[in-house]
file protein33.cif (mmCIF, C-alpha atoms)
data_entry
#
loop_
_atom_site.label_atom_id
_atom_site.label_comp_id
_atom_site.auth_asym_id
_atom_site.auth_seq_id
_atom_site.Cartn_x
_atom_site.Cartn_y
_atom_site.Cartn_z
CA MET P 1 81.52 164.75 133.53
CA GLN P 2 84.51 162.47 133.17
CA SER P 3 86.25 164.24 136.04
CA ARG P 4 83.26 163.66 138.33
CA GLN P 5 83.13 159.96 137.38
CA THR P 6 86.86 159.63 138.02
CA LYS P 7 86.48 161.20 141.47
CA LEU P 8 83.61 158.84 142.26
CA ALA P 9 85.73 155.91 141.06
CA TYR P 10 88.53 156.85 143.47
CA THR P 11 85.99 157.26 146.27
CA ALA P 12 84.60 153.81 145.49
CA ALA P 13 88.12 152.35 145.50
CA ILE P 14 88.87 153.88 148.92
CA PHE P 15 85.65 152.62 150.50
CA ASN P 16 86.25 149.21 148.89
CA ALA P 17 89.70 149.08 150.52
CA LEU P 18 88.23 150.21 153.86
CA ILE P 19 85.57 147.48 153.92
CA ILE P 20 87.99 144.75 152.84
CA GLY P 21 90.59 145.97 155.33
CA PHE P 22 88.21 145.60 158.26
CA SER P 23 86.77 142.33 156.92
CA PHE P 24 89.75 140.39 158.32
CA LEU P 25 88.52 141.20 161.83
CA PHE P 26 85.16 139.63 161.03
CA VAL P 27 86.81 136.64 159.32
CA LYS P 28 88.68 135.97 162.59
CA LEU P 29 85.41 136.16 164.51
CA ALA P 30 83.59 133.90 162.04
CA LEU P 31 86.34 131.26 162.09
CA GLN P 32 85.95 130.91 165.86
CA GLY P 33 82.72 129.01 165.26
CA SER P 34 82.98 127.73 161.71
CA GLN P 35 85.33 125.96 159.29
CA PRO P 36 86.91 128.09 156.51
CA LEU P 37 84.93 126.45 153.68
CA ASP P 38 81.67 126.68 155.67
CA THR P 39 82.37 130.36 156.30
CA LEU P 40 82.87 130.97 152.57
CA ALA P 41 79.69 129.03 151.77
CA HIS P 42 77.55 130.98 154.26
CA ARG P 43 79.22 134.26 153.24
CA PHE P 44 78.28 133.92 149.59
CA THR P 45 74.83 132.56 150.40
CA ILE P 46 74.17 135.80 152.30
CA ALA P 47 75.75 137.79 149.46
CA PHE P 48 73.51 136.11 146.88
CA ILE P 49 70.34 136.64 148.96
CA ALA P 50 71.27 140.31 149.51
CA THR P 51 71.95 140.78 145.79
CA ALA P 52 68.63 139.17 144.86
CA ILE P 53 66.79 141.45 147.30
CA LEU P 54 68.57 144.48 145.81
CA MET P 55 67.54 143.36 142.31
CA VAL P 56 63.90 143.15 143.46
CA ILE P 57 64.06 146.58 145.11
CA LYS P 58 65.58 148.07 141.96
CA ARG P 59 63.00 146.17 139.88
CA ARG P 60 65.77 144.98 137.65
CA ARG P 61 65.66 141.80 135.62
CA ILE P 62 68.81 140.01 134.52
CA GLN P 63 69.44 141.13 130.95
CA LEU P 64 72.09 138.66 129.85
CA ASP P 65 72.22 136.58 126.71
CA LEU P 66 74.18 133.34 126.55
CA ARG P 67 77.27 135.10 125.20
CA SER P 68 77.31 137.64 128.05
CA LEU P 69 76.80 134.88 130.61
CA LEU P 70 79.71 132.89 129.20
CA THR P 71 81.80 136.08 129.42
CA LEU P 72 81.04 136.41 133.14
CA ILE P 73 81.90 132.82 134.06
CA PRO P 74 85.70 133.29 133.74
CA LEU P 75 85.38 136.50 135.81
CA ALA P 76 83.63 134.66 138.64
CA LEU P 77 86.08 131.77 138.26
CA PHE P 78 89.04 134.05 139.02
CA TYR P 79 87.16 135.90 141.77
CA PRO P 80 85.61 134.78 144.04
CA PHE P 81 86.17 131.04 143.37
CA LEU P 82 89.89 130.58 142.63
CA PHE P 83 90.99 133.54 144.74
CA PHE P 84 89.35 132.34 147.94
CA VAL P 85 90.03 128.61 147.44
CA LEU P 86 93.73 129.18 146.73
CA GLN P 87 94.03 131.70 149.57
CA THR P 88 92.25 129.44 152.08
CA PHE P 89 94.39 126.38 151.36
CA GLY P 90 97.52 128.53 150.96
CA LEU P 91 97.14 129.78 154.52
CA VAL P 92 97.12 126.18 155.72
CA TYR P 93 100.73 125.75 154.55
CA THR P 94 102.16 129.21 155.16
CA THR P 95 101.98 132.07 157.67
CA SER P 96 99.78 135.13 157.36
CA SER P 97 102.93 137.29 157.20
CA GLU P 98 104.30 135.39 154.22
CA ALA P 99 100.87 135.55 152.59
CA GLY P 100 100.75 139.30 153.23
CA ILE P 101 104.04 139.85 151.42
CA VAL P 102 102.96 137.79 148.40
CA ASN P 103 99.55 139.51 148.26
CA ALA P 104 101.33 142.87 148.22
CA LEU P 105 102.56 141.96 144.73
CA VAL P 106 99.01 142.22 143.30
CA PRO P 107 99.54 145.78 141.91
CA ILE P 108 102.66 144.66 140.02
CA PHE P 109 100.93 141.58 138.60
CA THR P 110 97.94 143.72 137.58
CA MET P 111 100.14 146.34 135.94
CA LEU P 112 101.90 143.66 133.88
CA LEU P 113 98.67 141.92 132.85
CA ALA P 114 96.94 145.23 132.06
CA SER P 115 99.83 146.34 129.86
CA VAL P 116 99.57 143.10 127.84
CA PHE P 117 95.81 142.55 127.60
CA LEU P 118 94.40 146.09 128.00
CA LYS P 119 97.33 148.01 126.50
CA GLU P 120 97.34 150.28 129.55
CA ARG P 121 100.32 152.59 129.53
CA SER P 122 102.09 153.68 132.69
CA SER P 123 105.01 156.06 133.08
CA LEU P 124 108.25 155.29 134.87
CA LEU P 125 107.00 157.45 137.75
CA GLN P 126 103.80 155.42 138.07
CA LYS P 127 105.80 152.18 138.04
CA LEU P 128 108.09 153.49 140.78
CA PHE P 129 105.16 154.68 142.91
CA THR P 130 103.51 151.26 142.47
CA VAL P 131 106.69 149.54 143.64
CA LEU P 132 106.73 151.94 146.60
CA THR P 133 103.28 150.73 147.74
CA VAL P 134 104.49 147.13 147.52
CA ALA P 135 107.70 148.01 149.38
CA GLY P 136 105.65 149.62 152.17
CA ILE P 137 103.69 146.41 152.83
CA VAL P 138 106.79 144.20 152.55
CA PHE P 139 108.63 146.53 154.96
CA ILE P 140 105.88 146.14 157.58
CA PHE P 141 105.87 142.34 157.44
CA VAL P 142 109.66 142.06 157.38
CA MET P 143 109.96 144.32 160.41
CA LYS P 144 107.38 142.17 162.20
CA GLY P 145 109.86 139.31 161.85
CA VAL P 146 108.99 137.05 158.93
CA GLN P 147 110.79 133.71 159.00
CA LEU P 148 110.65 132.16 155.55
CA ASN P 149 110.40 128.40 155.86
CA SER P 150 111.22 126.00 153.05
CA SER P 151 108.33 123.78 154.12
CA SER P 152 105.91 126.62 153.35
CA SER P 153 106.82 126.71 149.65
CA LEU P 154 103.52 125.05 148.66
CA GLY P 155 101.57 127.67 150.61
CA ILE P 156 103.53 130.50 149.00
CA VAL P 157 102.81 129.07 145.53
CA LEU P 158 99.08 128.85 146.34
CA ILE P 159 99.01 132.43 147.69
CA LEU P 160 100.92 133.55 144.60
CA LEU P 161 98.30 131.91 142.39
CA SER P 162 95.52 133.56 144.42
CA ALA P 163 97.18 136.96 143.86
CA LEU P 164 97.39 136.24 140.12
CA SER P 165 93.71 135.26 140.17
CA PHE P 166 92.74 138.61 141.70
CA SER P 167 94.91 140.48 139.17
CA SER P 168 93.29 138.52 136.32
CA TYR P 169 89.85 139.40 137.71
CA SER P 170 90.77 143.12 137.76
CA VAL P 171 91.90 143.03 134.14
CA LEU P 172 88.83 141.09 132.98
CA ALA P 173 86.43 143.27 134.98
CA ARG P 174 87.93 146.40 133.43
CA LYS P 175 86.67 145.20 130.02
CA ILE P 176 83.41 143.61 131.12
CA THR P 177 82.18 146.59 133.16
CA GLN P 178 82.17 148.66 129.97
CA LYS P 179 79.51 146.37 128.46
CA ILE P 180 77.48 144.74 131.24
CA HIS P 181 75.48 146.39 134.04
CA LEU P 182 77.18 146.32 137.46
CA LEU P 183 74.22 144.65 139.20
CA ASP P 184 74.12 141.88 136.59
CA ILE P 185 77.84 141.22 137.11
CA THR P 186 77.47 141.17 140.89
CA PHE P 187 74.43 138.86 140.72
CA VAL P 188 76.25 136.28 138.59
CA MET P 189 79.41 136.48 140.72
CA SER P 190 77.49 135.97 143.98
CA LEU P 191 75.42 133.14 142.45
CA ILE P 192 78.50 131.25 141.25
CA GLY P 193 80.21 131.88 144.58
CA ALA P 194 77.21 130.55 146.52
CA LEU P 195 76.80 127.47 144.32
CA SER P 196 80.48 126.53 144.23
CA PHE P 197 81.33 127.05 147.90
CA ASN P 198 78.10 125.48 149.17
CA GLY P 199 78.70 122.54 146.84
CA ILE P 200 82.23 121.97 148.16
CA SER P 201 81.13 122.41 151.77
CA VAL P 202 78.14 120.06 151.46
CA ILE P 203 80.34 117.38 149.90
CA ARG P 204 82.86 117.74 152.74
CA HIS P 205 80.13 117.44 155.37
CA GLY P 206 78.63 114.47 153.51
CA VAL P 207 81.95 112.63 153.50
CA GLN P 208 82.44 113.36 157.22
CA GLY P 209 78.82 112.49 158.06
CA SER P 210 78.24 115.89 159.67
CA ILE P 211 75.67 117.38 157.30
CA ASN P 212 73.26 117.89 160.22
CA HIS P 213 75.75 120.40 161.69
CA TYR P 214 75.87 122.54 158.54
CA PHE P 215 74.14 125.53 160.13
CA ASP P 216 75.36 125.11 163.72
CA ALA P 217 77.52 128.25 163.50
CA PHE P 218 74.39 130.42 163.24
CA THR P 219 73.60 129.74 166.89
CA ALA P 220 76.40 132.17 167.86
CA PRO P 221 75.45 135.89 167.67
CA SER P 222 79.08 136.83 166.89
CA PHE P 223 79.03 134.53 163.84
CA ILE P 224 75.75 136.02 162.59
CA LEU P 225 77.17 139.54 162.89
CA SER P 226 80.39 138.50 161.16
CA ILE P 227 78.72 136.64 158.30
CA LEU P 228 76.33 139.55 157.66
CA TYR P 229 79.31 141.92 157.39
CA LEU P 230 81.22 139.51 155.16
CA GLY P 231 78.23 138.65 152.99
CA ILE P 232 76.60 142.07 152.57
CA LEU P 233 79.41 144.61 152.97
CA SER P 234 82.54 142.62 152.14
CA SER P 235 81.04 140.67 149.21
CA LEU P 236 78.02 142.48 147.74
CA ILE P 237 78.98 146.11 148.38
CA THR P 238 82.68 145.65 147.62
CA SER P 239 81.79 143.90 144.37
CA LEU P 240 79.65 146.87 143.31
CA LEU P 241 82.31 149.37 144.42
CA ALA P 242 85.20 147.52 142.76
CA ASN P 243 83.34 147.01 139.50
CA TYR P 244 82.24 150.65 139.46
CA ALA P 245 85.81 151.83 140.07
CA LEU P 246 87.13 149.53 137.33
CA LYS P 247 84.59 150.97 134.90
CA TYR P 248 86.19 154.43 135.12
CA MET P 249 89.71 153.68 136.41
CA GLU P 250 92.62 151.76 134.92
CA ALA P 251 93.06 148.27 136.39
CA SER P 252 96.66 149.07 137.34
CA LYS P 253 95.53 152.09 139.39
CA MET P 254 92.68 150.23 141.05
CA SER P 255 94.99 147.39 142.13
CA ILE P 256 97.18 149.60 144.32
CA PHE P 257 94.23 150.13 146.64
CA SER P 258 94.55 146.46 147.69
CA ASN P 259 97.62 147.53 149.67
CA VAL P 260 95.62 150.39 151.22
CA GLY P 261 93.27 147.68 152.49
CA THR P 262 96.20 146.11 154.35
CA ILE P 263 96.82 149.42 156.12
CA PHE P 264 93.16 149.54 157.19
CA THR P 265 93.54 145.98 158.51
CA ILE P 266 96.49 147.05 160.66
CA ILE P 267 94.55 150.09 161.94
CA GLY P 268 91.52 147.92 162.71
CA GLY P 269 93.68 145.44 164.62
CA ALA P 270 95.15 148.26 166.70
CA ILE P 271 91.75 149.80 167.49
CA PHE P 272 89.54 146.76 168.05
CA LEU P 273 91.95 143.94 168.91
CA LYS P 274 94.40 146.12 170.85
CA GLU P 275 97.27 144.92 168.66
CA GLN P 276 100.48 146.90 169.02
CA LEU P 277 101.03 149.70 166.50
CA ALA P 278 104.80 150.10 166.02
CA TYR P 279 106.88 152.74 164.25
CA TYR P 280 107.39 150.49 161.22
CA HIS P 281 103.61 150.34 160.71
CA LEU P 282 103.59 154.13 160.36
CA ILE P 283 106.58 154.15 158.00
CA GLY P 284 105.08 151.40 155.84
CA ALA P 285 101.68 153.12 155.80
CA ALA P 286 103.34 156.39 154.72
CA MET P 287 105.11 154.56 151.87
CA VAL P 288 101.82 153.03 150.71
CA LEU P 289 99.93 156.33 150.84
CA ILE P 290 102.69 158.23 149.02
CA GLY P 291 102.72 155.51 146.37
CA VAL P 292 98.93 155.62 145.93
CA LEU P 293 98.91 159.42 145.67
CA GLY P 294 101.83 159.29 143.25
CA VAL P 295 100.12 156.82 140.92
CA SER P 296 96.82 158.71 141.14
CA LEU P 297 98.24 162.18 140.45
CA THR P 298 100.73 161.32 137.70
CA LYS P 299 99.77 160.57 134.11
CA PRO P 300 101.13 157.97 131.67
CA GLY P 301 103.25 160.62 129.93
CA ASP P 302 104.74 162.11 133.09
CA SER P 303 108.47 161.75 133.68
CA PHE P 304 111.13 163.14 135.98
CA SER P 305 112.30 165.59 133.31
CA LYS P 306 108.76 166.76 132.65
CA LEU P 307 108.12 167.31 136.35
CA ARG P 308 111.43 169.19 136.64
CA LYS P 309 110.48 171.47 133.73
CA THR P 310 107.06 172.07 135.26
CA ARG P 311 108.69 172.99 138.57
CA GLN P 312 111.17 175.33 136.84
CA GLY P 313 108.34 176.95 134.91
CA SER P 314 106.33 177.59 138.06
CA THR P 315 109.44 179.04 139.75
CA SER P 316 110.18 181.43 136.87
CA THR P 317 106.55 182.56 136.85
CA LYS P 318 106.89 183.58 140.48
#

call {"tool": "encode", "arguments": {"input": "protein33.cif", "output": "structure tokens"}}
result
Amino acid sequence: MQSRQTKLAYTAAIFNALIIGFSFLFVKLALQGSQPLDTLAHRFTIAFIATAILMVIKRRRIQLDLRSLLTLIPLALFYPFLFFVLQTFGLVYTTSSEAGIVNALVPIFTMLLASVFLKERSSLLQKLFTVLTVAGIVFIFVMKGVQLNSSSSLGIVLILLSALSFSSYSVLARKITQKIHLLDITFVMSLIGALSFNGISVIRHGVQGSINHYFDAFTAPSFILSILYLGILSSLITSLLANYALKYMEASKMSIFSNVGTIFTIIGGAIFLKEQLAYYHLIGAAMVLIGVLGVSLTKPGDSFSKLRKTRQGSTSTK
């Protein structure tokens, strides 16, 4: 039974990475007709409505006492609120390439936090394979020609904090998903996301005197398509998939799939935006995939000597 749940957890993690990877295409489309904060507000409004409809279909009532609700607030604070706010403003002061390199560090941050707060153990092999996934993403961005600028230091700090927020969410969710139903978690996360981002966006429009233009973006069919993808698939469904995966998979293992999402983003750009796919994309993708497979197939007690003995034993058997 545990093996089946583990397999489903890995499947959920892969589909989660796939949806998030392609979400950047729809973010680009949405931002053509809307401000970043408005996009986040509309995205989580759609996510909340979709979650509420799902709750009605499933005939599920929120079964949370005050203590459970207070437990979920820090989770939603780290993700989606802090993660998206820090990322959005971080991208104002830095390039997407620099942000991509910093975001690639998420698996390392998660591994460190999980070892401290969850007491998750990882072998030297798993650590090395995790570093390999990070190196694959860094290799791609460096080969694309990243020019680090001292004036972008504020942006890098904000992106770094957003990466730490996502790692903190993964560690917290690993504990919370053992006690609280996945739909209840997703409902509270989408509600807090909708309230916070709509609140910020309404205040901004109020200050600028443009509140009557709050829903103007919905006149564009491309924005409607994009916001439905971002709200339903990239917020609701990914939340359910990620929380399910974290219920049966270590946080450190789940985090490496964030770099798989970057590979899907590159593939999506090549297919739909006709962006050039160079040799270094393939090398970096291979490094990421080898790293993910390595972390997934090795166990906390595995070591180079143990693998060597296993190989020698199989050879002698032949």

call {"tool": "axis_aligned_box", "arguments": {"input": "protein33.cif", "around": "segment 237-243 of chain P", "padding_each_side": "3 Å", "output": "AutoDock Vina command-line options"}}
result
--center_x 82.1 --center_y 146.6 --center_z 143.9 --size_x 12.2 --size_y 11.5 --size_z 14.9

call {"tool": "closest_residue", "arguments": {"input": "protein33.cif", "among": "P:Pro80, P:Gly291, P:Thr130, P:Ala220", "to": "Phe166 of chain P", "atoms": "all atoms listed in the file"}}
result
P:Pro80

call {"tool": "closest_residue", "arguments": {"input": "protein33.cif", "among": "P:His213, P:Leu75, P:Val131, P:Leu293", "to": "Ser201 of chain P", "atoms": "only C-alpha atoms"}}
result
P:His213

call {"tool": "resolve_selection", "arguments": {"input": "protein33.cif", "expression": "the PyMOL selection byres ((chain P and resi 83) around 8)", "output": "list in words"}}
result
Phe78, Tyr79, Pro80, Phe81, Leu82, Phe84, Val85, Leu86, Gln87, Leu161, Ser162, Ala163, Ser165 and Phe166 of chain P

call {"tool": "write_last_selection", "arguments": {"input": "protein33.cif", "atoms": "C-alpha atoms", "output": "compact mmCIF listing (two decimals), keeping the file's coordinate frame"}}
result
# COMPACT_ATOMS: atom_id res chain seq x y z
CA PHE P 78 89.04 134.05 139.02
CA TYR P 79 87.16 135.90 141.77
CA PRO P 80 85.61 134.78 144.04
CA PHE P 81 86.17 131.04 143.37
CA LEU P 82 89.89 130.58 142.63
CA PHE P 84 89.35 132.34 147.94
CA VAL P 85 90.03 128.61 147.44
CA LEU P 86 93.73 129.18 146.73
CA GLN P 87 94.03 131.70 149.57
CA LEU P 161 98.30 131.91 142.39
CA SER P 162 95.52 133.56 144.42
CA ALA P 163 97.18 136.96 143.86
CA SER P 165 93.71 135.26 140.17
CA PHE P 166 92.74 138.61 141.70

call {"tool": "closest_residue", "arguments": {"input": "protein33.cif", "among": "P:Ala278, P:Ala251, P:Leu228, P:Ala13", "to": "Phe117 of chain P", "atoms": "all atoms listed in the file"}}
result
P:Ala251

call {"tool": "atom_distance", "arguments": {"input": "protein33.cif", "atom1": "atom CA of Leu240 of chain P", "atom2": "atom CA of Ile176 of chain P"}}
result
13.2 Å

call {"tool": "residues_near_point", "arguments": {"input": "protein33.cif", "point": "(87.5, 155.9, 143.2)", "cutoff": "9 Å", "atoms": "only C-alpha atoms", "output": "ChimeraX atom specification"}}
result
/P:5-16,241-242,244-246,248-249,254

call {"tool": "resolve_selection", "arguments": {"input": "protein33.cif", "expression": "the PyMOL selection byres ((chain P and resi 21-31) around 9)", "output": "ChimeraX atom specification"}}
result
/P:16-20,32-36,39,217,222-227,229-230,233-234,258,260-269,272-273

call {"tool": "atom_distance", "arguments": {"input": "protein33.cif", "atom1": "atom CA of Leu54 of chain P", "atom2": "atom CA of Phe187 of chain P"}}
result
9.6 Å

call {"tool": "closest_residue", "arguments": {"input": "protein33.cif", "among": "P:Lys253, P:Pro107, P:Gly100, P:Leu160", "to": "Leu297 of chain P", "atoms": "only C-alpha atoms"}}
result
P:Lys253

call {"tool": "atom_distance", "arguments": {"input": "protein33.cif", "atom1": "atom CA of Gly90 of chain P", "atom2": "atom CA of Ile159 of chain P"}}
result
5.3 Å

call {"tool": "decode", "arguments": {"input": "protein33.cif", "residues": "segment 17-29 of chain P", "atoms": "N, CA, C and O atoms", "output": "compact mmCIF listing (two decimals), in the first residue's frame"}}
result
# COMPACT_ATOMS: atom_id res chain seq x y z
N ALA P 17 4.96 19.76 -11.42
CA ALA P 17 6.07 20.44 -12.10
C ALA P 17 5.69 20.81 -13.54
O ALA P 17 6.05 21.88 -14.03
N LEU P 18 4.96 19.91 -14.20
CA LEU P 18 4.53 20.15 -15.59
C LEU P 18 3.62 21.37 -15.68
O LEU P 18 3.82 22.25 -16.52
N ILE P 19 2.62 21.43 -14.79
CA ILE P 19 1.66 22.54 -14.82
C ILE P 19 2.35 23.86 -14.49
O ILE P 19 2.15 24.87 -15.16
N ILE P 20 3.20 23.85 -13.47
CA ILE P 20 3.91 25.07 -13.07
C ILE P 20 4.88 25.49 -14.17
O ILE P 20 5.02 26.68 -14.46
N GLY P 21 5.54 24.52 -14.79
CA GLY P 21 6.48 24.83 -15.86
C GLY P 21 5.82 25.57 -17.01
O GLY P 21 6.36 26.56 -17.53
N PHE P 22 4.63 25.14 -17.41
CA PHE P 22 3.93 25.78 -18.51
C PHE P 22 3.17 27.04 -18.07
O PHE P 22 2.72 27.81 -18.92
N SER P 23 3.04 27.24 -16.76
CA SER P 23 2.30 28.41 -16.28
C SER P 23 2.99 29.72 -16.65
O SER P 23 2.33 30.75 -16.79
N PHE P 24 4.32 29.69 -16.81
CA PHE P 24 5.04 30.91 -17.15
C PHE P 24 4.62 31.45 -18.51
O PHE P 24 4.64 32.66 -18.74
N LEU P 25 4.23 30.56 -19.42
CA LEU P 25 3.72 31.00 -20.72
C LEU P 25 2.43 31.81 -20.54
O LEU P 25 2.23 32.85 -21.18
N PHE P 26 1.57 31.32 -19.66
CA PHE P 26 0.29 31.99 -19.43
C PHE P 26 0.45 33.25 -18.58
O PHE P 26 -0.34 34.19 -18.72
N VAL P 27 1.46 33.29 -17.73
CA VAL P 27 1.77 34.52 -16.99
C VAL P 27 2.17 35.61 -17.97
O VAL P 27 1.73 36.77 -17.87
N LYS P 28 3.01 35.27 -18.96
CA LYS P 28 3.42 36.24 -19.98
C LYS P 28 2.21 36.77 -20.74
O LYS P 28 2.11 37.97 -21.02
N LEU P 29 1.29 35.87 -21.09
CA LEU P 29 0.09 36.29 -21.80
C LEU P 29 -0.78 37.20 -20.93
O LEU P 29 -1.28 38.22 -21.39
